[in-house]
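Structure data follow from data.cif (mmCIF, C-alpha atoms):
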data_run
#
loop_
_atom_site.group_PDB
_atom_site.id
_atom_site.type_symbol
_atom_site.label_atom_id
_atom_site.label_comp_id
_atom_site.auth_asym_id
_atom_site.auth_seq_id
_atom_site.Cartn_x
_atom_site.Cartn_y
_atom_site.Cartn_z
ATOM 1 C CA MET K 1 -0.705 -18.654 23.392
ATOM 2 C CA SER K 2 -3.255 -16.696 21.406
ATOM 3 C CA ARG K 3 -2.895 -16.046 17.708
ATOM 4 C CA TYR K 4 -1.480 -12.662 16.646
ATOM 5 C CA ASP K 5 -4.411 -11.677 14.426
ATOM 6 C CA LEU K 6 -5.184 -8.574 12.410
ATOM 7 C CA ASN K 7 -6.966 -6.961 15.386
ATOM 8 C CA SER K 8 -3.822 -7.496 17.490
ATOM 9 C CA LEU K 9 -1.720 -5.881 14.771
ATOM 10 C CA GLN K 10 -4.093 -2.920 14.537
ATOM 11 C CA SER K 11 -4.048 -2.471 18.309
ATOM 12 C CA ASP K 12 -0.222 -2.563 18.427
ATOM 13 C CA LEU K 13 0.042 -0.123 15.529
ATOM 14 C CA ARG K 14 -2.281 2.313 17.285
ATOM 15 C CA LYS K 15 -0.120 2.109 20.441
ATOM 16 C CA GLU K 16 3.192 2.448 18.590
ATOM 17 C CA LEU K 17 2.017 5.220 16.259
ATOM 18 C CA GLY K 18 0.007 7.176 18.827
ATOM 19 C CA ASN K 19 2.240 10.189 18.228
ATOM 20 C CA GLY K 20 2.974 9.446 14.581
ATOM 21 C CA LEU K 21 5.755 7.669 12.733
ATOM 22 C CA THR K 22 9.319 8.625 13.612
ATOM 23 C CA GLU K 23 12.634 7.382 12.253
ATOM 24 C CA GLU K 24 13.037 5.535 15.567
ATOM 25 C CA ASN K 25 9.912 3.404 15.120
ATOM 26 C CA VAL K 26 10.027 2.677 11.373
ATOM 27 C CA ASN K 27 11.722 -0.701 11.931
ATOM 28 C CA LEU K 28 9.334 -1.569 14.761
ATOM 29 C CA VAL K 29 6.339 -0.951 12.489
ATOM 30 C CA LYS K 30 7.918 -3.161 9.823
ATOM 31 C CA ASP K 31 8.514 -5.841 12.487
ATOM 32 C CA LEU K 32 4.883 -5.654 13.622
ATOM 33 C CA MET K 33 3.686 -6.012 10.021
ATOM 34 C CA SER K 34 6.011 -9.021 9.645
ATOM 35 C CA ARG K 35 4.853 -10.574 12.922
ATOM 36 C CA TYR K 36 1.289 -10.787 11.643
ATOM 37 C CA LYS K 37 0.914 -13.937 9.520
ATOM 38 C CA SER K 38 -1.764 -13.633 6.887
ATOM 39 C CA ASP K 39 -4.976 -15.405 7.808
ATOM 40 C CA PRO K 40 -7.964 -14.952 5.482
ATOM 41 C CA ARG K 41 -10.320 -15.279 8.477
ATOM 42 C CA ASP K 42 -9.111 -11.809 9.492
ATOM 43 C CA TRP K 43 -9.815 -9.987 6.234
ATOM 44 C CA LYS K 44 -11.917 -12.057 3.780
ATOM 45 C CA ASP K 45 -15.067 -10.169 4.807
ATOM 46 C CA LYS K 46 -13.315 -6.878 3.943
ATOM 47 C CA GLU K 47 -12.447 -7.811 0.369
ATOM 48 C CA LYS K 48 -13.992 -5.842 -2.477
ATOM 49 C CA TRP K 49 -13.293 -6.877 -6.047
ATOM 50 C CA SER K 50 -13.645 -5.000 -9.304
ATOM 51 C CA ASP K 51 -13.072 -6.114 -12.883
ATOM 52 C CA VAL K 52 -12.040 -2.540 -13.756
ATOM 53 C CA LYS K 53 -9.442 -1.500 -11.129
ATOM 54 C CA TYR K 54 -7.791 -2.527 -7.906
ATOM 55 C CA THR K 55 -9.793 -1.532 -4.816
ATOM 56 C CA ARG K 56 -8.841 0.224 -1.562
ATOM 57 C CA THR K 57 -10.569 -0.571 1.741
ATOM 58 C CA LEU K 58 -9.786 1.693 4.714
ATOM 59 C CA MET K 59 -9.308 -0.299 7.926
ATOM 60 C CA ASP K 60 -8.010 2.338 10.361
ATOM 61 C CA LYS K 61 -7.437 6.108 10.294
ATOM 62 C CA GLY K 62 -4.798 5.829 13.042
ATOM 63 C CA ASN K 63 -5.844 9.004 14.887
ATOM 64 C CA GLY K 64 -4.787 10.996 11.849
ATOM 65 C CA HIS K 65 -1.214 9.646 11.950
ATOM 66 C CA TYR K 66 -1.620 6.850 9.390
ATOM 67 C CA ASN K 67 -4.061 4.967 7.188
ATOM 68 C CA LEU K 68 -4.192 1.170 7.254
ATOM 69 C CA MET K 69 -5.926 -0.379 4.275
ATOM 70 C CA ILE K 70 -6.489 -3.575 2.340
ATOM 71 C CA LEU K 71 -6.017 -3.484 -1.428
ATOM 72 C CA CYS K 72 -7.524 -6.143 -3.689
ATOM 73 C CA TRP K 73 -5.802 -6.801 -7.014
ATOM 74 C CA ASN K 74 -7.820 -8.783 -9.529
ATOM 75 C CA VAL K 75 -5.933 -10.741 -12.186
ATOM 76 C CA GLY K 76 -3.682 -8.511 -14.287
ATOM 77 C CA GLN K 77 -4.477 -5.298 -12.386
ATOM 78 C CA GLU K 78 -1.833 -2.741 -11.490
ATOM 79 C CA SER K 79 -1.523 0.798 -10.246
ATOM 80 C CA PRO K 80 -0.258 3.597 -12.454
ATOM 81 C CA ILE K 81 3.320 4.697 -11.848
ATOM 82 C CA HIS K 82 2.990 6.926 -8.780
ATOM 83 C CA ASN K 83 4.542 8.199 -5.575
ATOM 84 C CA HIS K 84 3.429 8.762 -1.983
ATOM 85 C CA PRO K 85 4.607 12.320 -1.339
ATOM 86 C CA ASN K 86 6.308 12.648 2.051
ATOM 87 C CA SER K 87 4.747 9.406 3.300
ATOM 88 C CA HIS K 88 6.197 6.044 4.298
ATOM 89 C CA CYS K 89 4.409 3.055 2.774
ATOM 90 C CA PHE K 90 4.558 -0.359 4.424
ATOM 91 C CA MET K 91 3.114 -3.085 2.174
ATOM 92 C CA LYS K 92 2.462 -6.693 3.217
ATOM 93 C CA THR K 93 1.207 -9.379 0.857
ATOM 94 C CA LEU K 94 -1.784 -11.233 2.294
ATOM 95 C CA GLU K 95 -2.643 -13.414 -0.710
ATOM 96 C CA GLY K 96 -1.031 -14.141 -4.068
ATOM 97 C CA VAL K 97 2.103 -12.438 -5.354
ATOM 98 C CA VAL K 98 2.424 -8.718 -6.071
ATOM 99 C CA HIS K 99 5.029 -7.168 -8.309
ATOM 100 C CA GLU K 100 6.676 -3.793 -7.746
ATOM 101 C CA GLU K 101 8.563 -1.797 -10.365
ATOM 102 C CA LEU K 102 10.727 1.097 -9.156
ATOM 103 C CA TYR K 103 11.302 4.103 -11.417
ATOM 104 C CA LYS K 104 13.754 6.960 -11.521
ATOM 105 C CA LYS K 105 12.012 10.198 -10.653
ATOM 106 C CA PRO K 106 11.819 12.148 -13.921
ATOM 107 C CA ASP K 107 13.832 15.337 -14.375
ATOM 108 C CA MET K 108 11.321 17.462 -16.241
ATOM 109 C CA THR K 109 13.756 20.376 -16.558
ATOM 110 C CA SER K 110 15.748 18.398 -19.117
ATOM 111 C CA CYS K 111 12.645 17.138 -20.894
ATOM 112 C CA GLN K 112 10.814 19.939 -22.678
ATOM 113 C CA CYS K 113 8.839 17.838 -25.138
ATOM 114 C CA SER K 114 6.893 14.608 -25.036
ATOM 115 C CA CYS K 115 9.682 12.750 -26.834
ATOM 116 C CA GLY K 116 12.477 10.933 -25.056
ATOM 117 C CA CYS K 117 10.878 11.279 -21.626
ATOM 118 C CA LYS K 118 9.785 7.693 -21.088
ATOM 119 C CA MET K 119 9.795 6.630 -17.439
ATOM 120 C CA GLU K 120 13.014 4.776 -16.629
ATOM 121 C CA LYS K 121 12.590 1.549 -14.657
ATOM 122 C CA ILE K 122 15.501 0.996 -12.266
ATOM 123 C CA ASP K 123 14.436 -2.157 -10.393
ATOM 124 C CA ASP K 124 11.630 -4.625 -9.910
ATOM 125 C CA ARG K 125 10.757 -7.279 -7.357
ATOM 126 C CA ASP K 126 8.060 -9.723 -6.326
ATOM 127 C CA TYR K 127 6.468 -10.042 -2.882
ATOM 128 C CA ALA K 128 4.913 -13.356 -1.862
ATOM 129 C CA ILE K 129 2.557 -13.997 1.048
ATOM 130 C CA ASP K 130 3.786 -12.411 4.308
ATOM 131 C CA ASN K 131 6.598 -10.448 2.632
ATOM 132 C CA VAL K 132 6.761 -6.840 3.849
ATOM 133 C CA ALA K 133 8.122 -3.930 1.820
ATOM 134 C CA LEU K 134 8.965 -0.411 2.939
ATOM 135 C CA ILE K 135 8.628 2.286 0.281
ATOM 136 C CA THR K 136 9.886 5.774 1.149
ATOM 137 C CA ASP K 137 9.649 8.704 -1.221
ATOM 138 C CA GLY K 138 10.050 6.560 -4.319
ATOM 139 C CA VAL K 139 8.253 6.335 -7.627
ATOM 140 C CA HIS K 140 6.802 2.909 -8.332
ATOM 141 C CA ARG K 141 4.066 0.750 -9.796
ATOM 142 C CA VAL K 142 2.491 -2.162 -7.919
ATOM 143 C CA GLY K 143 0.334 -4.871 -9.404
ATOM 144 C CA ASN K 144 -0.767 -8.433 -9.809
ATOM 145 C CA ARG K 145 0.884 -9.971 -12.862
ATOM 146 C CA SER K 146 -0.988 -13.257 -12.543
ATOM 147 C CA HIS K 147 -3.672 -14.003 -15.088
ATOM 148 C CA VAL K 148 -5.060 -16.759 -12.859
ATOM 149 C CA ASP K 149 -4.775 -15.792 -9.184
ATOM 150 C CA LYS K 150 -6.005 -12.724 -7.319
ATOM 151 C CA ALA K 151 -3.803 -10.859 -4.825
ATOM 152 C CA VAL K 152 -4.495 -8.975 -1.586
ATOM 153 C CA THR K 153 -2.151 -6.561 0.195
ATOM 154 C CA LEU K 154 -2.161 -4.688 3.496
ATOM 155 C CA HIS K 155 -0.817 -1.117 3.313
ATOM 156 C CA LEU K 156 0.070 1.372 6.017
ATOM 157 C CA TYR K 157 0.730 4.969 4.920
ATOM 158 C CA SER K 158 2.181 7.399 7.439
ATOM 159 C CA PRO K 159 1.395 10.183 7.389
ATOM 160 C CA PRO K 160 -1.845 9.581 5.478
ATOM 161 C CA PHE K 161 -2.377 11.467 2.239
ATOM 162 C CA THR K 162 -5.359 12.471 0.130
ATOM 163 C CA THR K 163 -3.547 12.942 -3.192
ATOM 164 C CA CYS K 164 -0.611 11.337 -4.942
ATOM 165 C CA HIS K 165 1.263 12.000 -8.164
ATOM 166 C CA LYS K 166 0.967 9.621 -11.074
ATOM 167 C CA TYR K 167 3.345 9.606 -14.030
ATOM 168 C CA ASP K 168 2.633 8.881 -17.673
ATOM 169 C CA ASP K 169 4.677 5.859 -18.820
ATOM 170 C CA ASP K 170 5.675 7.432 -22.142
ATOM 171 C CA THR K 171 5.990 11.166 -21.396
ATOM 172 C CA SER K 172 6.794 11.200 -17.634
ATOM 173 C CA LYS K 173 4.082 13.840 -17.259
ATOM 174 C CA GLU K 174 3.177 14.205 -13.587
ATOM 175 C CA THR K 175 -0.487 14.563 -12.589
ATOM 176 C CA GLU K 176 -1.854 15.041 -9.090
ATOM 177 C CA VAL K 177 -4.772 12.682 -8.444
ATOM 178 C CA PRO K 178 -7.152 12.444 -5.477
ATOM 179 C CA MET K 179 -7.088 9.229 -3.451
ATOM 180 C CA GLY K 180 -10.272 7.676 -2.146
ATOM 181 C CA PHE K 181 -11.596 4.436 -0.696
ATOM 182 C CA ASP K 182 -13.971 1.857 -2.102
ATOM 183 C CA GLN K 183 -14.997 0.793 1.423
ATOM 184 C CA ASP K 184 -14.455 2.232 4.905
ATOM 185 C CA PHE K 185 -14.308 -0.038 7.954
ATOM 186 C CA SER K 186 -12.295 2.434 10.043
ATOM 187 C CA GLY K 187 -15.114 2.850 12.543
ATOM 188 C CA ARG K 188 -14.999 -0.860 13.396
ATOM 189 C CA CYS K 189 -11.345 -1.688 14.073
ATOM 190 C CA CYS K 190 -9.546 -2.899 17.182
ATOM 191 C CA GLY K 191 -12.754 -4.020 18.944
ATOM 192 C CA THR K 192 -13.486 -0.354 19.741
ATOM 193 C CA SER K 193 -14.392 2.727 17.797
ATOM 194 C CA CYS K 194 -11.434 4.074 15.852
ATOM 195 C CA CYS K 195 -13.066 7.016 14.155
ATOM 196 C CA SER K 196 -10.788 9.664 15.602
#

Starting from the file, lay out its structure as structure tokens.
Amino acid sequence: MSRYDLNSLQSDLRKELGNGLTEENVNLVKDLMSRYKSDPRDWKDKEKWSDVKYTRTLMDKGNGHYNLMILCWNVGQESPIHNHPNSHCFMKTLEGVVHEELYKKPDMTSCQCSCGCKMEKIDDRDYAIDNVALITDGVHRVGNRSHVDKAVTLHLYSPPFTTCHKYDDDTSKETEVPMGFDQDFSGRCCGTSCCS
């Protein structure tokens, strides 16, 4: 029996999400992400590291229905508090441990000044290698709390998005920010061209 590698996962995702993500196939996508067991041979050559920020490498554009990417988290790096507007996020840990903090979405109508509007954390959890999380319409922060080990995660966002909203920790101020990639391998996935 052949190994279910990252190329196999990408191929299955393209088949399953050929017409986009639906409520009916959310669990199947999570199962496919879980079926793939992290193997550095599949993604080590796609890593990109920065001492300044976590990095995002695009693996597949999913015919416009999703983005599949690898994120590299150097020691102590984390995202700002943010959301993925109207997009499902599947996150799988490939290396290390990543930490997620969930926040209550701020009610800016009751907060007219910069005082007393601190973001309210409502939960947090850790994801070890091969754990898969599903984040839908929530506000969260993801990061690598280790000061020794790096972390790598695989993310699938459906539908893909070009901006997200980040929130100031102390004032809850929401800012729309553009999302980009540090590397783009989307033309080389699945053993065939995946540029469409």

Skip K:Asn74 itself and residues of its chain fewer than 2 positions away, then list as an NGL selection string all residues within 9 Å of it, counting all atoms listed in the file. :K and (49-55 or 72 or 76-78 or 144 or 146-147 or 149-152)

Quick one: pull the distance between atom CA of K:Met91 and atom CA of K:Asp123, Å, one decimal.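 We find that atom CA of K:Met91 and atom CA of K:Asp123 lie 16.9 Å from each other.
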
Target residues per the PyMOL selection byres ((chain K and resi 155) around 8), formatted as a PyMOL selection string: chain K and resi 67-71+89-92+153-154+156-157

Compare K:Arg145, K:Glu120, K:Thr163, K:Ala133 by their minimum atom-to-atom distance to K:His99, counting only C-alpha atoms, and give me the closest one.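 Checking each candidate against K:His99, we get K:Arg145 as the closest.
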
Could you list, as a PyMOL selection string, every residue matched by the PyMOL selection byres ((chain K and resi 3) around 12) in this structure? chain K and resi 1-2+4-9+35-39+41-42

Point (11.5, -1.9, 8.1) neighbourhood (12 Å, all atoms listed in the file) written as a PyMOL selection string: chain K and resi 23-35+88-92+131-136

Just write the chosen residues, C-alpha atoms, as a tab-separated table (two decimals), keeping the file's coordinate frame.
chain	number	residue	atom	x	y	z
K	23	GLU	CA	12.63	7.38	12.25
K	24	GLU	CA	13.04	5.54	15.57
K	25	ASN	CA	9.91	3.40	15.12
K	26	VAL	CA	10.03	2.68	11.37
K	27	ASN	CA	11.72	-0.70	11.93
K	28	LEU	CA	9.33	-1.57	14.76
K	29	VAL	CA	6.34	-0.95	12.49
K	30	LYS	CA	7.92	-3.16	9.82
K	31	ASP	CA	8.51	-5.84	12.49
K	32	LEU	CA	4.88	-5.65	13.62
K	33	MET	CA	3.69	-6.01	10.02
K	34	SER	CA	6.01	-9.02	9.64
K	35	ARG	CA	4.85	-10.57	12.92
K	88	HIS	CA	6.20	6.04	4.30
K	89	CYS	CA	4.41	3.06	2.77
K	90	PHE	CA	4.56	-0.36	4.42
K	91	MET	CA	3.11	-3.08	2.17
K	92	LYS	CA	2.46	-6.69	3.22
K	131	ASN	CA	6.60	-10.45	2.63
K	132	VAL	CA	6.76	-6.84	3.85
K	133	ALA	CA	8.12	-3.93	1.82
K	134	LEU	CA	8.96	-0.41	2.94
K	135	ILE	CA	8.63	2.29	0.28
K	136	THR	CA	9.89	5.77	1.15

Distance criterion (all atoms listed in the file): nearest to K:Gln10 out of K:Asp169, K:Asp60, K:Glu101, K:Asp130: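 Using all atoms listed in the file, K:Gln10 sits closest to K:Asp60.
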
Using all atoms listed in the file, pick whichever of K:Leu21, K:Ile129, K:Cys117, K:Leu13 has the shortest atom-to-atom distance to K:Pro40.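 Ranking K:Leu21, K:Ile129, K:Cys117, K:Leu13 by distance to K:Pro40, first place goes to K:Ile129.
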
Can you fill out stretch 73-97 of chain K with N, CA, C and O atoms and hand it back as a compact mmCIF listing (two decimals), in the coordinates of the input?
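Written file, rebuild.txt:
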# COMPACT_ATOMS: atom_id res chain seq x y z
N TRP K 73 -6.32 -6.86 -5.65
CA TRP K 73 -5.80 -6.80 -7.01
C TRP K 73 -6.36 -7.98 -7.79
O TRP K 73 -5.95 -9.12 -7.58
N ASN K 74 -7.30 -7.72 -8.68
CA ASN K 74 -7.82 -8.78 -9.53
C ASN K 74 -6.73 -9.18 -10.52
O ASN K 74 -5.69 -8.52 -10.63
N VAL K 75 -6.95 -10.24 -11.25
CA VAL K 75 -5.93 -10.74 -12.19
C VAL K 75 -5.53 -9.65 -13.17
O VAL K 75 -6.36 -8.94 -13.72
N GLY K 76 -4.22 -9.46 -13.32
CA GLY K 76 -3.68 -8.51 -14.29
C GLY K 76 -3.80 -7.04 -13.93
O GLY K 76 -3.40 -6.19 -14.71
N GLN K 77 -4.31 -6.71 -12.75
CA GLN K 77 -4.48 -5.30 -12.39
C GLN K 77 -3.20 -4.72 -11.80
O GLN K 77 -2.45 -5.42 -11.11
N GLU K 78 -2.99 -3.43 -12.05
CA GLU K 78 -1.83 -2.74 -11.49
C GLU K 78 -2.17 -1.27 -11.30
O GLU K 78 -3.10 -0.74 -11.90
N SER K 79 -1.38 -0.64 -10.45
CA SER K 79 -1.52 0.80 -10.25
C SER K 79 -0.82 1.52 -11.38
O SER K 79 0.03 0.94 -12.06
N PRO K 80 -1.11 2.80 -11.57
CA PRO K 80 -0.26 3.60 -12.45
C PRO K 80 1.08 3.81 -11.75
O PRO K 80 1.22 3.57 -10.55
N ILE K 81 2.07 4.29 -12.47
CA ILE K 81 3.32 4.70 -11.85
C ILE K 81 2.98 5.91 -10.98
O ILE K 81 2.33 6.85 -11.44
N HIS K 82 3.40 5.88 -9.72
CA HIS K 82 2.99 6.93 -8.78
C HIS K 82 3.99 7.06 -7.64
O HIS K 82 4.91 6.25 -7.52
N ASN K 83 3.76 8.05 -6.80
CA ASN K 83 4.54 8.20 -5.58
C ASN K 83 3.60 8.42 -4.40
O ASN K 83 2.39 8.53 -4.58
N HIS K 84 4.16 8.44 -3.21
CA HIS K 84 3.43 8.76 -1.98
C HIS K 84 4.16 9.95 -1.36
O HIS K 84 5.06 9.76 -0.56
N PRO K 85 3.82 11.15 -1.75
CA PRO K 85 4.61 12.32 -1.34
C PRO K 85 4.74 12.44 0.18
O PRO K 85 3.75 12.49 0.88
N ASN K 86 5.99 12.45 0.64
CA ASN K 86 6.31 12.65 2.05
C ASN K 86 5.66 11.63 2.98
O ASN K 86 5.39 11.92 4.14
N SER K 87 5.39 10.43 2.49
CA SER K 87 4.75 9.41 3.30
C SER K 87 5.51 8.09 3.18
O SER K 87 5.96 7.72 2.11
N HIS K 88 5.65 7.40 4.30
CA HIS K 88 6.20 6.04 4.30
C HIS K 88 5.07 5.08 3.93
O HIS K 88 3.94 5.23 4.41
N CYS K 89 5.38 4.09 3.13
CA CYS K 89 4.41 3.06 2.77
C CYS K 89 4.97 1.71 3.20
O CYS K 89 6.05 1.31 2.75
N PHE K 90 4.25 1.02 4.06
CA PHE K 90 4.56 -0.36 4.42
C PHE K 90 3.54 -1.22 3.69
O PHE K 90 2.34 -0.98 3.78
N MET K 91 4.01 -2.23 2.96
CA MET K 91 3.11 -3.08 2.17
C MET K 91 3.39 -4.54 2.52
O MET K 91 4.54 -4.99 2.45
N LYS K 92 2.35 -5.27 2.88
CA LYS K 92 2.46 -6.69 3.22
C LYS K 92 1.53 -7.48 2.30
O LYS K 92 0.37 -7.12 2.14
N THR K 93 2.04 -8.53 1.71
CA THR K 93 1.21 -9.38 0.86
C THR K 93 0.42 -10.35 1.72
O THR K 93 1.00 -11.09 2.52
N LEU K 94 -0.90 -10.34 1.55
CA LEU K 94 -1.78 -11.23 2.29
C LEU K 94 -2.17 -12.46 1.48
O LEU K 94 -2.43 -13.52 2.05
N GLU K 95 -2.25 -12.30 0.17
CA GLU K 95 -2.64 -13.41 -0.71
C GLU K 95 -2.03 -13.18 -2.08
O GLU K 95 -1.98 -12.04 -2.55
N GLY K 96 -1.58 -14.25 -2.72
CA GLY K 96 -1.03 -14.14 -4.07
C GLY K 96 0.38 -13.59 -4.05
O GLY K 96 1.09 -13.64 -3.05
N VAL K 97 0.78 -13.05 -5.18
CA VAL K 97 2.10 -12.44 -5.35
C VAL K 97 1.88 -11.08 -6.00
O VAL K 97 1.16 -10.97 -6.99
